[in-house]
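Report on the structure given below.
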Amino acid sequence: MRPFDFYAARDSSDAVALLAKHGPSVKVIAGGTDLLADLKFAPASHHPKVVVDISRADDLRGIRETDAGLRIGSLVTHTEIMESPIIRDLFPALVDAAHTIGAVQTRNLGTLGGNLVTAVPSVDSGPTLVALDAVVTIAGPDGRRQLPLAEFFVGPRKTALKPAELLVEITIPKENVGKPTHFLKFGLRKGQALALVNVAASFWVDWDSETFLNPRIALGAVAPKVIRAESAEKFLAGEEITTDAMAEAGRLASGDAKPISDMRASAQYRRDLIAVLTKRALEGAYELAQKKRKQS
Amino acid sequence: MVTVSMNVNGEKRTASVAPETTLLKLLRESFNLTGAKLGCDVGDCGACTVIVDGKLVNSCLMLAPQAEGREVLTIEGLATQDRLHPIQKVFEDKGSLQCGFCGPGVIMSAKALLDQNPNPSVQEIRDGLAGNLCRCTGYSKMIEAIQTIARERTA
């Protein structure tokens, strides 16, 4: 790696101050699993003069329920998500998604914030959180701002972060806390694979009419960023919960995507996968909804 | 240059390095601990695996200054002058390694797994080793070795 200066931030406001002071040729390091792998092969023009370490900024840690919903600090690691009793109880889909990322070593270092900020189209943390209408909180020199995660993603490796801004937390809004959600990823193998397609399905059940309420389907790796399958969602809203309806939503979701052909799979193969995985993710979310209903 | 201090295998170690030095390079070149290997250098192969503050990590993906003040355990910290660590002994008895390049990383992963889960299933062992690539063995004898230790420890 080329030389850079290194500063360790005490907390998020210290980090923002360091970013503002040393910008624009500055990068943030948290777990380092994306940044260092990139810097070792990046052209000289992409090398930062300064790296700001936020791995000791403890205000970016922690998972807790607040008045706004479930708040996850950007520095929470994938392992911490997998082991969190609150997340295991409320959102097993987030546990499943975290488990598909890298391997033990990378999950221990890699953070949720880092996964989202890197913003590759196949981002495994993305679909579940987009399906849950998650909101990100960003700290910058002028204070904090919030925006939906779906808008935080702008394109491949592009986010809405401006210079000297830092992703500080991710919030699943109160109305979606506990919403039955299921995540599925299809890669070429089980360990350390990038997704060919990843899908999250989320909906409440109107038990009186057995219909879909506020259905969400989010797709990863099949467009420049994580997208919602809007025609599938529109079809499902108010629809009776049947296997046929789930299969039809899969067909519609497949049409909502804009997959590419690359060395991992053809666009057509990805479209076929979307149809199958969307149906299965809907089935998984319904199974969870039924289980939760029995428990309550 | 920055001065970094940490506890490595129970001993306080200090060195002055450039900030872009990885923990792996620090261990190998400043502390002369060459058990952790440089393989892919991007976190895919696991040859550089060590344990930092009880957590299994790729030392090629951590900057030396990020390890400031932390507890680092490498393969050199397992055996004593007199005897191998039980995991190393079982790997030897079973012939679980062939060329051995992945060995230090695999054994650290096995240790972290067994510390957390004394009686892992085959699937849990495979998951625990998913970040360590071995191109010789096909993993079967590693999995057998880890099962053997788990049986001995829980017997």
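Simple scheme: letters A, B, ... for chains in structure tokens order, numbers from 1 for residues in each chain, numbers from 1 for ligands in the order shown.
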
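Residues in contact with stretch 141-147 of chain B at up to 8 Å, not including ones fewer than 3 positions away on its chain and judged by only C-alpha atoms, are Ile87, Val90, Phe91, Lys94, Gly95, Ser96, Leu97, Ala110, Asn119, Pro120, Val122, Ile125, Arg126, Thr137, Gly138, Ala150 and Arg151 of chain B.
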
Tell me, counting only C-alpha atoms, for each residue of stretch 122-156 of chain A within 12 Å of stretch 20-42 of chain A, which pair of atoms is nearest and how far apart they are in Å to one decimal, in rows ordered by chain and increasing number, as a Markdown table.
| residue | atom | partner | partner_atom | distance |
| --- | --- | --- | --- | --- |
| A:Val123 | CA | A:Asp34 | CA | 11.8 |
| A:Ala139 | CA | A:Ala20 | CA | 11.5 |
| A:Gly140 | CA | A:Ala20 | CA | 8.5 |
| A:Pro141 | CA | A:Ala20 | CA | 7.0 |
| A:Asp142 | CA | A:Ala20 | CA | 10.7 |

Q) What are the DSSP alpha helix (DSSP H) residues of stretch 23-140 of chain B, as a PyMOL selection string? A) chain B and resi 23-25+86-94+103-116+122-128+140

Q.
Tell me as a ChimeraX atom specification which residues belonging to chain A come within 8 Å of chain B, counting only C-alpha atoms.
A. /A:1-6,31-33,36-37,40,53,55,102-106,108-109,191-192

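The space separating atom CA of A:Asp96 from atom CA of A:Pro173 comes to 20.1 Å.
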
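Counting only C-alpha atoms and comparing B:Ala67, B:Leu78, B:Leu26, B:Cys48, the residue that lies closest to B:Asn9 is B:Leu78.
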